[in-house]
file final-v9.pdb (PDB, C-alpha atoms and all ligand atoms)
ATOM      1  CA  MET A 792      47.330 -44.032  58.915
ATOM      2  CA  LEU A 793      46.392 -45.727  62.173
ATOM      3  CA  GLY A 794      46.699 -49.203  60.750
ATOM      4  CA  ARG A 795      44.553 -52.258  61.110
ATOM      5  CA  PHE A 796      45.556 -52.900  64.678
ATOM      6  CA  VAL A 797      44.342 -49.609  66.033
ATOM      7  CA  VAL A 798      41.303 -49.488  63.813
ATOM      8  CA  SER A 799      40.191 -52.952  64.845
ATOM      9  CA  ALA A 800      40.821 -52.076  68.482
ATOM     10  CA  LEU A 801      38.638 -49.046  68.033
ATOM     11  CA  ALA A 802      35.931 -51.134  66.467
ATOM     12  CA  ALA A 803      36.089 -53.696  69.251
ATOM     13  CA  LEU A 804      36.138 -51.165  72.042
ATOM     14  CA  MET A 805      33.581 -48.727  70.829
ATOM     15  CA  LEU A 806      30.115 -50.061  70.271
ATOM     16  CA  CYS A 807      27.428 -47.565  69.575
ATOM     17  CA  VAL A 808      25.013 -46.593  72.286
ATOM     18  CA  ALA A 809      22.364 -43.942  72.272
ATOM     19  CA  ALA A 810      23.225 -40.779  74.131
ATOM     20  CA  PRO A 811      20.712 -38.232  75.366
ATOM     21  CA  ALA A 812      20.267 -35.182  73.211
ATOM     22  CA  ALA A 813      21.605 -31.956  74.567
ATOM     23  CA  HIS A 814      22.327 -28.590  73.078
ATOM     24  CA  ALA A 815      25.904 -27.759  73.865
ATOM     25  CA  ALA A 816      28.985 -26.985  71.863
ATOM     26  CA  THR A 817      31.583 -28.222  74.329
ATOM     27  CA  VAL A 818      32.226 -31.216  76.516
ATOM     28  CA  SER A 819      34.962 -31.213  79.148
ATOM     29  CA  LEU A 820      36.072 -34.500  80.653
ATOM     30  CA  ILE A 821      38.239 -34.915  83.740
ATOM     31  CA  ASP A 822      39.967 -38.288  83.841
ATOM     32  CA  PRO A 823      41.734 -39.827  86.848
ATOM     33  CA  ARG A 824      45.450 -40.471  86.916
ATOM     34  CA  GLY A 825      46.592 -44.071  87.121
ATOM     35  CA  ASP A 826      43.912 -45.640  84.892
ATOM     36  CA  VAL A 827      46.112 -46.781  82.006
ATOM     37  CA  HIS A 828      45.260 -50.283  80.755
ATOM     38  CA  ARG A 829      46.744 -52.976  78.556
ATOM     39  CA  PRO A 830      45.153 -55.976  76.862
ATOM     40  CA  SER A 831      44.879 -59.119  78.958
ATOM     41  CA  ALA A 832      43.252 -62.519  78.716
ATOM     42  CA  GLU A 833      40.140 -61.087  80.380
ATOM     43  CA  GLY A 834      40.021 -58.053  78.161
ATOM     44  CA  TYR A 835      42.001 -55.274  79.781
ATOM     45  CA  GLU A 836      43.960 -54.891  82.982
ATOM     46  CA  ARG A 837      45.142 -51.785  84.738
ATOM     47  CA  VAL A 838      48.875 -51.096  84.667
ATOM     48  CA  GLU A 839      49.869 -49.738  88.052
ATOM     49  CA  GLY A 840      52.286 -46.849  87.982
ATOM     50  CA  GLU A 841      52.135 -46.407  84.205
ATOM     51  CA  ARG A 842      52.393 -42.788  83.144
ATOM     52  CA  ARG A 843      52.458 -43.205  79.376
ATOM     53  CA  THR A 844      49.151 -42.444  77.643
ATOM     54  CA  ASP A 845      47.558 -41.321  80.910
ATOM     55  CA  ILE A 846      44.954 -38.692  80.007
ATOM     56  CA  VAL A 847      43.973 -36.241  82.732
ATOM     57  CA  ARG A 848      41.724 -33.799  80.894
ATOM     58  CA  THR A 849      39.944 -33.579  77.545
ATOM     59  CA  THR A 850      37.903 -30.906  75.844
ATOM     60  CA  ILE A 851      35.942 -31.439  72.648
ATOM     61  CA  ARG A 852      34.383 -28.413  70.981
ATOM     62  CA  HIS A 853      32.072 -28.102  68.007
ATOM     63  CA  LYS A 854      33.080 -24.659  66.851
ATOM     64  CA  LYS A 855      31.947 -22.463  64.008
ATOM     65  CA  HIS A 856      34.336 -24.001  61.488
ATOM     66  CA  ALA A 857      35.724 -27.144  63.082
ATOM     67  CA  VAL A 858      35.505 -29.834  65.718
ATOM     68  CA  VAL A 859      38.482 -29.412  68.021
ATOM     69  CA  ALA A 860      39.705 -31.980  70.540
ATOM     70  CA  ARG A 861      42.360 -31.149  73.091
ATOM     71  CA  ILE A 862      43.753 -33.724  75.486
ATOM     72  CA  LYS A 863      46.118 -33.091  78.344
ATOM     73  CA  LEU A 864      48.273 -35.994  79.401
ATOM     74  CA  LEU A 865      49.955 -36.628  82.718
ATOM     75  CA  ASP A 866      53.391 -36.834  81.139
ATOM     76  CA  LEU A 867      53.801 -36.540  77.386
ATOM     77  CA  ARG A 868      57.275 -37.605  76.269
ATOM     78  CA  ARG A 869      59.090 -38.659  73.152
ATOM     79  CA  GLU A 870      58.861 -42.343  74.033
ATOM     80  CA  PRO A 871      60.242 -45.189  71.934
ATOM     81  CA  GLY A 872      57.309 -46.769  70.106
ATOM     82  CA  LEU A 873      54.278 -45.243  68.403
ATOM     83  CA  MET A 874      52.080 -42.678  70.095
ATOM     84  CA  VAL A 875      48.519 -42.308  68.798
ATOM     85  CA  MET A 876      45.648 -40.036  69.685
ATOM     86  CA  ALA A 877      42.436 -40.993  67.910
ATOM     87  CA  MET A 878      38.981 -39.479  67.789
ATOM     88  CA  ARG A 879      35.973 -41.026  66.130
ATOM     89  CA  MET A 880      32.989 -38.869  65.253
ATOM     90  CA  ARG A 881      29.442 -39.452  64.089
ATOM     91  CA  THR A 882      26.984 -36.827  63.002
ATOM     92  CA  ASN A 883      23.284 -36.167  62.583
ATOM     93  CA  ASP A 884      23.363 -37.260  58.931
ATOM     94  CA  GLY A 885      25.157 -40.531  59.676
ATOM     95  CA  THR A 886      28.626 -39.427  58.645
ATOM     96  CA  TYR A 887      31.325 -41.385  60.482
ATOM     97  CA  ARG A 888      34.969 -40.356  60.661
ATOM     98  CA  GLU A 889      38.089 -41.409  62.515
ATOM     99  CA  ALA A 890      40.725 -38.735  62.877
ATOM    100  CA  GLY A 891      44.112 -39.487  64.341
ATOM    101  CA  VAL A 892      47.460 -38.031  65.267
ATOM    102  CA  GLU A 893      50.496 -40.266  65.464
ATOM    103  CA  ALA A 894      54.106 -39.600  66.338
ATOM    104  CA  SER A 895      57.260 -41.645  66.735
ATOM    105  CA  ARG A 896      60.947 -41.343  66.149
ATOM    106  CA  ARG A 897      60.475 -42.556  62.572
ATOM    107  CA  ILE A 898      57.414 -40.413  61.792
ATOM    108  CA  GLY A 899      58.783 -37.436  63.638
ATOM    109  CA  TRP A 900      57.870 -36.037  67.021
ATOM    110  CA  ARG A 901      55.789 -33.238  65.543
ATOM    111  CA  GLY A 902      53.494 -36.015  64.345
ATOM    112  CA  ARG A 903      51.164 -36.401  61.404
ATOM    113  CA  SER A 904      47.387 -36.643  61.197
ATOM    114  CA  ASP A 905      44.685 -37.861  58.878
ATOM    115  CA  VAL A 906      40.978 -38.630  58.631
ATOM    116  CA  GLU A 907      39.423 -41.911  57.571
ATOM    117  CA  ALA A 908      35.926 -43.036  56.734
ATOM    118  CA  ARG A 909      34.316 -46.070  58.345
ATOM    119  CA  ASN A 910      35.808 -48.341  55.686
ATOM    120  CA  GLY A 911      39.324 -47.143  56.509
ATOM    121  CA  ARG A 912      39.729 -45.089  53.374
ATOM    122  CA  ALA A 913      41.409 -41.728  53.721
ATOM    123  CA  VAL A 914      39.093 -38.730  53.543
ATOM    124  CA  ASP A 915      40.362 -35.659  51.744
ATOM    125  CA  CYS A 916      40.707 -33.155  54.580
ATOM    126  CA  ALA A 917      43.492 -30.827  53.589
ATOM    127  CA  ALA A 918      42.775 -28.323  56.347
ATOM    128  CA  LEU A 919      43.104 -30.913  59.111
ATOM    129  CA  GLN A 920      45.471 -29.616  61.763
ATOM    130  CA  HIS A 921      47.177 -31.005  64.831
ATOM    131  CA  GLU A 922      49.667 -29.919  67.424
ATOM    132  CA  ILE A 923      51.691 -31.922  69.927
ATOM    133  CA  ASP A 924      53.115 -29.823  72.729
ATOM    134  CA  TYR A 925      55.575 -31.796  74.850
ATOM    135  CA  ARG A 926      56.120 -28.856  77.147
ATOM    136  CA  THR A 927      52.484 -28.609  78.237
ATOM    137  CA  ASP A 928      51.627 -32.311  77.683
ATOM    138  CA  VAL A 929      48.843 -31.403  75.262
ATOM    139  CA  ILE A 930      47.758 -32.909  71.945
ATOM    140  CA  ALA A 931      45.231 -30.952  69.892
ATOM    141  CA  LEU A 932      43.372 -32.018  66.765
ATOM    142  CA  ARG A 933      41.243 -29.743  64.592
ATOM    143  CA  VAL A 934      38.866 -31.355  62.107
ATOM    144  CA  PRO A 935      37.179 -28.836  59.777
ATOM    145  CA  ARG A 936      33.410 -29.193  59.573
ATOM    146  CA  SER A 937      33.741 -29.523  55.814
ATOM    147  CA  CYS A 938      35.397 -32.923  56.410
ATOM    148  CA  LEU A 939      32.296 -33.992  58.360
ATOM    149  CA  ASN A 940      29.712 -32.845  55.792
ATOM    150  CA  ARG A 941      28.990 -29.753  57.892
ATOM    151  CA  PRO A 942      26.882 -31.417  60.578
ATOM    152  CA  ARG A 943      24.287 -29.899  62.875
ATOM    153  CA  TRP A 944      25.683 -31.963  65.724
ATOM    154  CA  VAL A 945      28.519 -34.363  66.294
ATOM    155  CA  GLN A 946      29.279 -36.994  68.899
ATOM    156  CA  ALA A 947      32.826 -38.124  69.572
ATOM    157  CA  THR A 948      34.997 -40.615  71.415
ATOM    158  CA  VAL A 949      38.670 -40.031  72.179
ATOM    159  CA  ILE A 950      41.406 -42.501  73.011
ATOM    160  CA  GLN A 951      45.141 -42.392  73.521
ATOM    161  CA  PHE A 952      47.348 -45.362  72.609
ATOM    162  CA  TRP A 953      50.974 -46.211  72.961
ATOM    163  CA  LEU A 954      52.175 -49.108  70.850
ATOM    164  CA  GLY A 955      55.507 -50.777  71.506
ATOM    165  CA  SER A 956      56.933 -53.839  69.816
ATOM    166  CA  ARG A 957      55.350 -56.143  72.421
ATOM    167  CA  GLN A 958      53.041 -53.950  74.378
ATOM    168  CA  MET A 959      50.035 -51.740  73.955
ATOM    169  CA  LEU A 960      48.799 -49.193  76.463
ATOM    170  CA  ILE A 961      45.521 -47.313  76.302
ATOM    171  CA  ASP A 962      43.622 -44.655  78.174
ATOM    172  CA  ASN A 963      40.381 -42.881  77.432
ATOM    173  CA  PRO A 964      38.823 -39.827  79.054
ATOM    174  CA  HIS A 965      35.309 -41.254  79.147
ATOM    175  CA  ASN A 966      35.745 -43.792  81.949
ATOM    176  CA  SER A 967      38.463 -45.530  83.962
ATOM    177  CA  ARG A 968      38.298 -48.893  82.227
ATOM    178  CA  GLY A 969      40.397 -50.289  79.421
ATOM    179  CA  GLY A 970      37.430 -50.999  77.214
ATOM    180  CA  PHE A 971      34.595 -48.569  76.896
ATOM    181  CA  ASN A 972      31.322 -48.091  75.177
ATOM    182  CA  VAL A 973      30.396 -44.453  75.096
ATOM    183  CA  TRP A 974      29.890 -41.405  72.942
ATOM    184  CA  THR A 975      29.807 -37.835  74.135
ATOM    185  CA  ARG A 976      26.458 -36.121  74.126
ATOM    186  CA  ARG A 977      25.488 -34.356  70.936
ATOM    187  CA  LEU A 978      27.645 -31.299  70.434
ATOM    188  CA  HIS A 979      25.789 -28.663  68.462
ATOM    189  CA  ARG A 980      27.718 -26.036  66.615
ATOM    190  CA  GLY A 981      28.713 -23.244  68.969
TER     191      GLY A 981
HETATM  192 CA    CA A1001      43.703 -41.168  82.926
END
call {"tool": "encode", "arguments": {"input": "final-v9.pdb", "output": "C-alpha cells", "more": "lines below"}}
Ligand SMILES: [Ca+2]
result
Amino acid sequence: MLGRFVVSALAALMLCVAAPAAHAATVSLIDPRGDVHRPSAEGYERVEGERRTDIVRTTIRHKKHAVVARIKLLDLRREPGLMVMAMRMRTNDGTYREAGVEASRRIGWRGRSDVEARNGRAVDCAALQHEIDYRTDVIALRVPRSCLNRPRWVQATVIQFWLGSRQMLIDNPHNSRGGFNVWTRRLHRG
C-alpha cells in the first residue's frame, strides 16, 4: 500500500539498533512542534513554519489483543497530496511488520490501512483497524497480535509523511531530526 518510495525511505531511515530491555506495555513520546523535515542534498533539512505532518504526541501500547499506536498531530487537515502514517514493528521471535494508514482525496479522507512483511508483501490481517480524526488531529492504528505471531514483546518506530507531487515532508516522534535510527524499548504485553 505504501509504495516503493515510502518503503525505501523507511529502510534508509531506520537502521536497527539494540535497545535496552524493559518490561512495560506502553511508551509515550512527546515531540516538539516545528521539527518537520524534507529531503535535501545533505540528507534532511528542517522546514521552518511547516505544520503538515508535525507530530506532537505519540502513544504505543502492547495491549492484551493488539498493538495500538496513536499519534496526535499539530494540525491534521485534508491536504492535497498523500498523507501516510507508518509504523514498523519487530518482535521477540524476529517477526517484522510495517503497518500503515494512508489518506488522500482519491483514496478517501477516512483512509485505508494494511500490513506488510519485510519483503513488501501484504500480510493477511483482516482485523486491522484505523481511525483518522480530523477534529482532534489524531490518527490511530490497531494491529492485532495475531498479525504479529502473538509476540511476547514488540518494538516499534512511527513516522508521519506527507507526499506531494514535488515535495515530501516527514516527522517522527522519536527525535527532532529528519532521519532517525531508533526503536522503542521492548513493549511487553500489558
Ligand atoms: Ca513534531
call {"tool": "resolve_selection", "arguments": {"input": "final-v9.pdb", "expression": "the PyMOL selection byres (((chain A and resi 943) around 12) and not hetatm)", "output": "JSON, numbers by chain"}}
result
{"A": [814, 815, 816, 853, 854, 855, 856, 857, 858, 881, 882, 883, 884, 885, 886, 936, 937, 939, 940, 941, 942, 944, 945, 946, 977, 978, 979, 980, 981]}
call {"tool": "resolve_selection", "arguments": {"input": "final-v9.pdb", "expression": "the PyMOL selection byres (((chain A and resi 871) around 8) and not hetatm)", "output": "PyMOL selection string"}}
result
chain A and resi 869-870+872-873+895-896+955
call {"tool": "residues_near_point", "arguments": {"input": "final-v9.pdb", "point": "(36.3, -30.5, 69.0)", "cutoff": "8 Å", "atoms": "only C-alpha atoms", "output": "number ranges by chain"}}
result
A: 817, 850-854, 857-861, 932-934
call {"tool": "resolve_selection", "arguments": {"input": "final-v9.pdb", "expression": "the PyMOL selection byres (((not hetatm)) within 7 of (chain A and resi 1001))", "output": "list in words"}}
result
Asp822, Pro823, Arg824, Gly825, Asp826, Val827, Asp845, Ile846, Val847, Asp962, Asn963, Pro964 and Ser967 of chain A
call {"tool": "write_last_selection", "arguments": {"input": "final-v9.pdb", "atoms": "C-alpha atoms", "output": "mmCIF file, in the coordinates of the input"}}
result
data_model
loop_
_atom_site.group_PDB
_atom_site.id
_atom_site.type_symbol
_atom_site.label_atom_id
_atom_site.label_comp_id
_atom_site.auth_asym_id
_atom_site.auth_seq_id
_atom_site.Cartn_x
_atom_site.Cartn_y
_atom_site.Cartn_z
ATOM 1 C CA ASP A 822 39.967 -38.288 83.841
ATOM 2 C CA PRO A 823 41.734 -39.827 86.848
ATOM 3 C CA ARG A 824 45.450 -40.471 86.916
ATOM 4 C CA GLY A 825 46.592 -44.071 87.121
ATOM 5 C CA ASP A 826 43.912 -45.640 84.892
ATOM 6 C CA VAL A 827 46.112 -46.781 82.006
ATOM 7 C CA ASP A 845 47.558 -41.321 80.910
ATOM 8 C CA ILE A 846 44.954 -38.692 80.007
ATOM 9 C CA VAL A 847 43.973 -36.241 82.732
ATOM 10 C CA ASP A 962 43.622 -44.655 78.174
ATOM 11 C CA ASN A 963 40.381 -42.881 77.432
ATOM 12 C CA PRO A 964 38.823 -39.827 79.054
ATOM 13 C CA SER A 967 38.463 -45.530 83.962
#
call {"tool": "closest_residue", "arguments": {"input": "final-v9.pdb", "among": "A:Asp866, A:Ala894, A:Thr975, A:Asp928", "to": "Leu820 (chain A)", "atoms": "only C-alpha atoms"}}
result
A:Thr975
call {"tool": "atom_distance", "arguments": {"input": "final-v9.pdb", "atom1": "CA of Arg903 (chain A)", "atom2": "CA of Asn966 (chain A)"}}
result
26.7 Å
